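Visitor: Let me begin by handing over the structure; questions about it come next.
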Amino acid sequence: NDIAEGLTRRVETVTDTLSESLFEPVIRLGVTGLSRAGKTVFITSLVANLMDRARMPGLVAAADGRISAAFLQPQPDDTVPRFDYETHLAALTGPEPSWPASTRAVSELRLSLRVRPTGLLAGLSGPRTVHLDIVDYPGEWLLDLALLDKTYAQWSADVMARIAPRAQAADYLQLAQATDAAAPLDEPVAQALARAFTAYLTAARAAGISDCTPGRFLLPGDLAGSPVLTFAPLPMPAAPGRKSVWHEMERRFEAYKSRVVKPFFRDHFARIDRQVVLVDALSAIHDGPAAIDDMRRAMSDILSAFRPGRNAFLTRLLMGRRVERILFAATKADHLHHSQHKRLTGIMSALTRDARDRADFAGAETQSIALAALRATTEETIDHKGEPLDCVRGTLLNPDGSRGRQAAFHAGDLPDDPARLLAPAREGAQKWLDAEYRIMRFAPAPLSLKPGEGPPHIRLDRAAQFLIGDRL
Ligand code: GDP
């Protein structure tokens with residue numbers, strides 16, 4: 001009976017999937033970026049602006065009036081947490097707007113669009129339904145791909161060498177040096193090491209350092225405290241025995257790869273059709289040359305996930321399937337007057353150019369853009385010592401989360417040639433956005449939306465056009 005029932009269900013699923021892909025196309029849109037890059041705000045505003053399309057002239061199907069309806073539906077994956085759209089939207093659009101809680105793990109949301117076809121088909125068939133499955137996941141988890149190619153010994157050696165000069169790592173390095181990795185494992189020792197290593201990663205992240213693997217140490221999802229997350233890099237001892245700290249750490253590192261990293265790539269990453277990679281480039285630029293170097297390294301690690309030829313596991317997993325389009329978006333562009341946006345886009349393209357030139361992402365179409373998913377500022381030009389100065393005006397967010405004073409700011413200028421900013425860090429390298437950017441933490445502005453209007457944004461419609469416009 002079980003078998004018959006199982007078979008029936010299998011046949012039903014196959015027919016559902018078939019008819020769905022024949023008549024109701026599904027686009028799986030991945031949204032990623034390192035923590036605080038702006039994923040939650042991006043998805044919330046994108047969905048709100050696809051439901052109410054008055055601010056989406058750059059999305060051709062919307063401008064042509066071919067999208068007759070957009071509505072949320074139950075998502076296809078029953079075991080993936082749902083993206084908490086309603087709560088996030090309420091935070092952004094309430095009478096006392098606040099920023100929503102950030103992405104901590106993978107989540108999903110299905111938005112379905114009723115679209116009238118164009119061209120020859122327009123007269124012949126009625127509206128179709130196109131499902132947009134948005135998958136939100138931390139960019140930190142993509143960085144873990146690099147771990148798959150490494151043994152515990154290699155990873156340990158790499159990490160120890162890389163963190164040695166970093167001030168944030170001093171405590172961890174001291175503890176690691178003091179640990180006898182050949183001694184029999186004592187669980188509290190493993191826990192103390194993992195805790196200290198996580199503290200290092202957290203401090204490094206706060207200092208603007210992006211290469212913070214293993215990704216789950218910072219964003220553990222539901223794995224916090226489990227043995228797969230209770231390991232850390234160590235100097236290799238001469239003769240580690242079977243029951244040694246080293247051996248057990250090695251075992252957990254391997255478990256992390258096979259039980260955490262691989263399933264994420266298999267269950268989520270491998271099924272994505274379109275991808276947007278969000279980057280808080282402005283913060284890195286403000287933090288200075290070392291942070292920019294770091295952002296570039298993290299970008300190239302993230303991007304290697306989209307060049308599957310580089311990784312045997314991924315190549316097998318994807319079996320020739322690929323992401324069709326990738327958008328690289330510098331977020332929070334509302335911190336700059338629009339006269340600077342072209343330069344920001346230029347920096348984004350330069351950042352990804354290396355990787356793009358080498359492999360063109362196995363044929364995926366790529367584009368760079370500067371956007372603000374939720375515009376928190378307005379523009380104005382003020383008189384500064386007799387000279388016009390292009391500014392943005394917004395309400396500052398106090399450290400306690402309350403709304404502070406309103407003022408006009410000039411973050412400084414970006415270089416017109418990205419090479420001036422992206423040149424490898426060197427002594428005395430010029431700092432950009434040095435002026436007022438540090439204090440520019442804006443609160444979301446109270447909104448009075450007219451019927452049919454989504455939240456205000458910058459170029460979110462263009463982003464949507466690139467990501468899904470061709471399929472509508
Ligand atoms: P996530 O960690 O990638 O999910 O990042 P969030 O979407 O939570 O964004 C992190 C923070 O960046 C938010 O709390 C805001 O302070 C800021 N932010 C994100 N998007 C925008 C934007 O479009 N404009 C402005 N001014 N700030 C933004």
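Naming works like this for the structure tokens: A, B, ... for the chains as they're shown, residue 1 at the start of each chain, ligands 1 onward in shown order.
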Write as a VMD selection string the residues around ligand 1, taking 8 Å as the cut-off and counting only C-alpha atoms and all ligand atoms.
Guide: chain A and resid 32 to 43 99 to 104 138 278 331 to 335 371 to 377 441 to 444 457 to 458
Visitor: If we count only C-alpha atoms and set the cut-off at 12 Å, which residues sit around Val392 of chain A, ignoring sequence neighbours fewer than 3 positions away in its own chain? Please answer as a PyMOL selection string.
Guide: chain A and resi 333-340+375-382+389+395-396+406-412+436-437+440+442
Visitor: Could you turn the residues from that selection into a file that holds N, CA and C atoms, as an mmCIF file, in the first residue's frame?
Guide:
```cif
data_model
loop_
_atom_site.group_PDB
_atom_site.id
_atom_site.type_symbol
_atom_site.label_atom_id
_atom_site.label_comp_id
_atom_site.auth_asym_id
_atom_site.auth_seq_id
_atom_site.Cartn_x
_atom_site.Cartn_y
_atom_site.Cartn_z
ATOM 1 N N ALA A 333 22.605 52.952 -2.707
ATOM 2 C CA ALA A 333 23.086 54.066 -3.534
ATOM 3 C C ALA A 333 22.420 55.380 -3.139
ATOM 4 N N ASP A 334 21.368 55.330 -2.306
ATOM 5 C CA ASP A 334 20.733 56.573 -1.868
ATOM 6 C C ASP A 334 21.622 57.355 -0.904
ATOM 7 N N HIS A 335 22.792 56.802 -0.537
ATOM 8 C CA HIS A 335 23.752 57.567 0.263
ATOM 9 C C HIS A 335 24.502 58.585 -0.590
ATOM 10 N N LEU A 336 24.416 58.415 -1.908
ATOM 11 C CA LEU A 336 25.135 59.305 -2.820
ATOM 12 C C LEU A 336 24.160 60.033 -3.727
ATOM 13 N N HIS A 337 24.507 61.246 -4.080
ATOM 14 C CA HIS A 337 23.752 61.995 -5.082
ATOM 15 C C HIS A 337 23.852 61.246 -6.416
ATOM 16 N N HIS A 338 22.812 61.336 -7.259
ATOM 17 C CA HIS A 338 22.817 60.509 -8.468
ATOM 18 C C HIS A 338 23.991 60.819 -9.399
ATOM 19 N N SER A 339 24.580 62.017 -9.237
ATOM 20 C CA SER A 339 25.715 62.347 -10.102
ATOM 21 C C SER A 339 26.897 61.395 -9.861
ATOM 22 N N GLN A 340 26.881 60.658 -8.729
ATOM 23 C CA GLN A 340 27.972 59.724 -8.417
ATOM 24 C C GLN A 340 27.642 58.271 -8.792
ATOM 25 N N ARG A 375 14.674 53.810 -0.824
ATOM 26 C CA ARG A 375 15.327 55.103 -0.824
ATOM 27 C C ARG A 375 14.981 55.837 0.464
ATOM 28 N N ALA A 376 16.011 56.158 1.248
ATOM 29 C CA ALA A 376 15.764 56.807 2.538
ATOM 30 C C ALA A 376 16.135 58.292 2.502
ATOM 31 N N THR A 377 16.563 58.766 1.331
ATOM 32 C CA THR A 377 17.014 60.163 1.251
ATOM 33 C C THR A 377 16.372 60.886 0.065
ATOM 34 N N THR A 378 16.471 62.212 0.096
ATOM 35 C CA THR A 378 16.114 63.011 -1.074
ATOM 36 C C THR A 378 17.364 63.798 -1.467
ATOM 37 N N GLU A 379 17.389 64.302 -2.691
ATOM 38 C CA GLU A 379 18.594 64.998 -3.136
ATOM 39 C C GLU A 379 18.413 66.497 -3.043
ATOM 40 N N GLU A 380 19.488 67.183 -2.766
ATOM 41 C CA GLU A 380 19.452 68.640 -2.865
ATOM 42 C C GLU A 380 20.861 69.170 -3.089
ATOM 43 N N THR A 381 20.907 70.346 -3.686
ATOM 44 C CA THR A 381 22.205 70.972 -3.922
ATOM 45 C C THR A 381 22.285 72.184 -3.018
ATOM 46 N N ILE A 382 23.275 72.192 -2.136
ATOM 47 C CA ILE A 382 23.379 73.323 -1.215
ATOM 48 C C ILE A 382 24.552 74.211 -1.619
ATOM 49 N N LEU A 389 27.074 72.249 -3.928
ATOM 50 C CA LEU A 389 27.512 70.934 -3.454
ATOM 51 C C LEU A 389 26.316 69.977 -3.500
ATOM 52 N N THR A 395 17.065 61.355 7.497
ATOM 53 C CA THR A 395 16.981 61.373 8.953
ATOM 54 C C THR A 395 17.961 60.355 9.511
ATOM 55 N N LEU A 396 18.834 60.794 10.401
ATOM 56 C CA LEU A 396 19.830 59.875 10.963
ATOM 57 C C LEU A 396 19.173 58.937 11.978
ATOM 58 N N GLN A 406 17.538 65.501 11.195
ATOM 59 C CA GLN A 406 17.520 65.450 9.733
ATOM 60 C C GLN A 406 18.568 66.407 9.203
ATOM 61 N N ALA A 407 19.299 66.000 8.192
ATOM 62 C CA ALA A 407 20.305 66.916 7.661
ATOM 63 C C ALA A 407 20.703 66.512 6.253
ATOM 64 N N ALA A 408 21.407 67.426 5.587
ATOM 65 C CA ALA A 408 21.930 67.140 4.248
ATOM 66 C C ALA A 408 23.396 66.759 4.360
ATOM 67 N N PHE A 409 23.805 65.720 3.602
ATOM 68 C CA PHE A 409 25.167 65.216 3.699
ATOM 69 C C PHE A 409 25.809 65.098 2.326
ATOM 70 N N HIS A 410 27.119 65.226 2.347
ATOM 71 C CA HIS A 410 27.890 64.963 1.137
ATOM 72 C C HIS A 410 28.929 63.918 1.511
ATOM 73 N N ALA A 411 28.779 62.708 0.968
ATOM 74 C CA ALA A 411 29.639 61.600 1.385
ATOM 75 C C ALA A 411 31.048 61.715 0.821
ATOM 76 N N GLY A 412 31.259 62.625 -0.082
ATOM 77 C CA GLY A 412 32.553 62.703 -0.767
ATOM 78 C C GLY A 412 32.385 62.161 -2.177
ATOM 79 N N GLU A 436 31.708 62.466 5.243
ATOM 80 C CA GLU A 436 30.605 62.327 6.187
ATOM 81 C C GLU A 436 29.993 60.946 6.184
ATOM 82 N N TYR A 437 30.547 60.040 5.373
ATOM 83 C CA TYR A 437 29.885 58.746 5.210
ATOM 84 C C TYR A 437 29.710 58.012 6.537
ATOM 85 N N MET A 440 26.549 58.614 8.244
ATOM 86 C CA MET A 440 25.318 58.530 7.437
ATOM 87 C C MET A 440 24.602 57.195 7.623
ATOM 88 N N PHE A 442 21.090 56.128 7.901
ATOM 89 C CA PHE A 442 19.766 56.729 7.787
ATOM 90 C C PHE A 442 18.663 55.821 8.310
#
```
Visitor: Between A:Ser244, A:Gln174, A:Ser402, A:Thr118, which is the closest to Gly65 of chain A once you count only C-alpha atoms?
Guide: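 With only C-alpha atoms as the atom set, the closest residue is A:Thr118.
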Visitor: Write out as a PyMOL selection string the set of residues from segment 135-216 of chain A that DSSP, computed on the backbone, places in alpha helix (DSSP H).
Guide: chain A and resi 139-143+152-163+170-178+187-206+215-216
Visitor: Report as a VMD selection string all protein, DNA and RNA residues lying within 10 Å of Arg420 of chain A, evaluated on only C-alpha atoms, omitting residues in the same chain fewer than 3 positions from it.
Guide: chain A and resid 347 414 to 417 423 to 424 429 to 430 432
Visitor: For Asp77 of chain A, which residue among A:Asp267, A:Glu250, A:Pro184, A:Gln177 is the nearest when counting only C-alpha atoms?
Guide: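 For Asp77 of chain A, the nearest of the candidates is A:Asp267.
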Visitor: Between A:Thr202, A:Ala48, A:His341, A:Gly363, single out the one closest to Gly320 of chain A, counting only C-alpha atoms.
Guide: A:Gly363
Visitor: List the neighbours of Met249 of chain A out to 8 Å using only C-alpha atoms; skip same-chain residues closer than 5 positions along the sequence, and give me the result as a PyMOL selection string.
Guide: chain A and resi 152+190+230-232
Visitor: Could you save those same residues with C-alpha atoms as a PDB file, in the first residue's frame?
Guide:
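Heads up, here's the output in result-v6.pdb:
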```
ATOM      1  CA  TYR A 152      41.568  20.013   7.308  1.00  0.00           C
ATOM      2  CA  ALA A 190      36.987  21.951  21.403  1.00  0.00           C
ATOM      3  CA  THR A 230      32.559  22.904  16.995  1.00  0.00           C
ATOM      4  CA  PHE A 231      35.920  22.892  15.275  1.00  0.00           C
ATOM      5  CA  ALA A 232      38.649  25.438  14.540  1.00  0.00           C
TER       6      ALA A 232
END
```
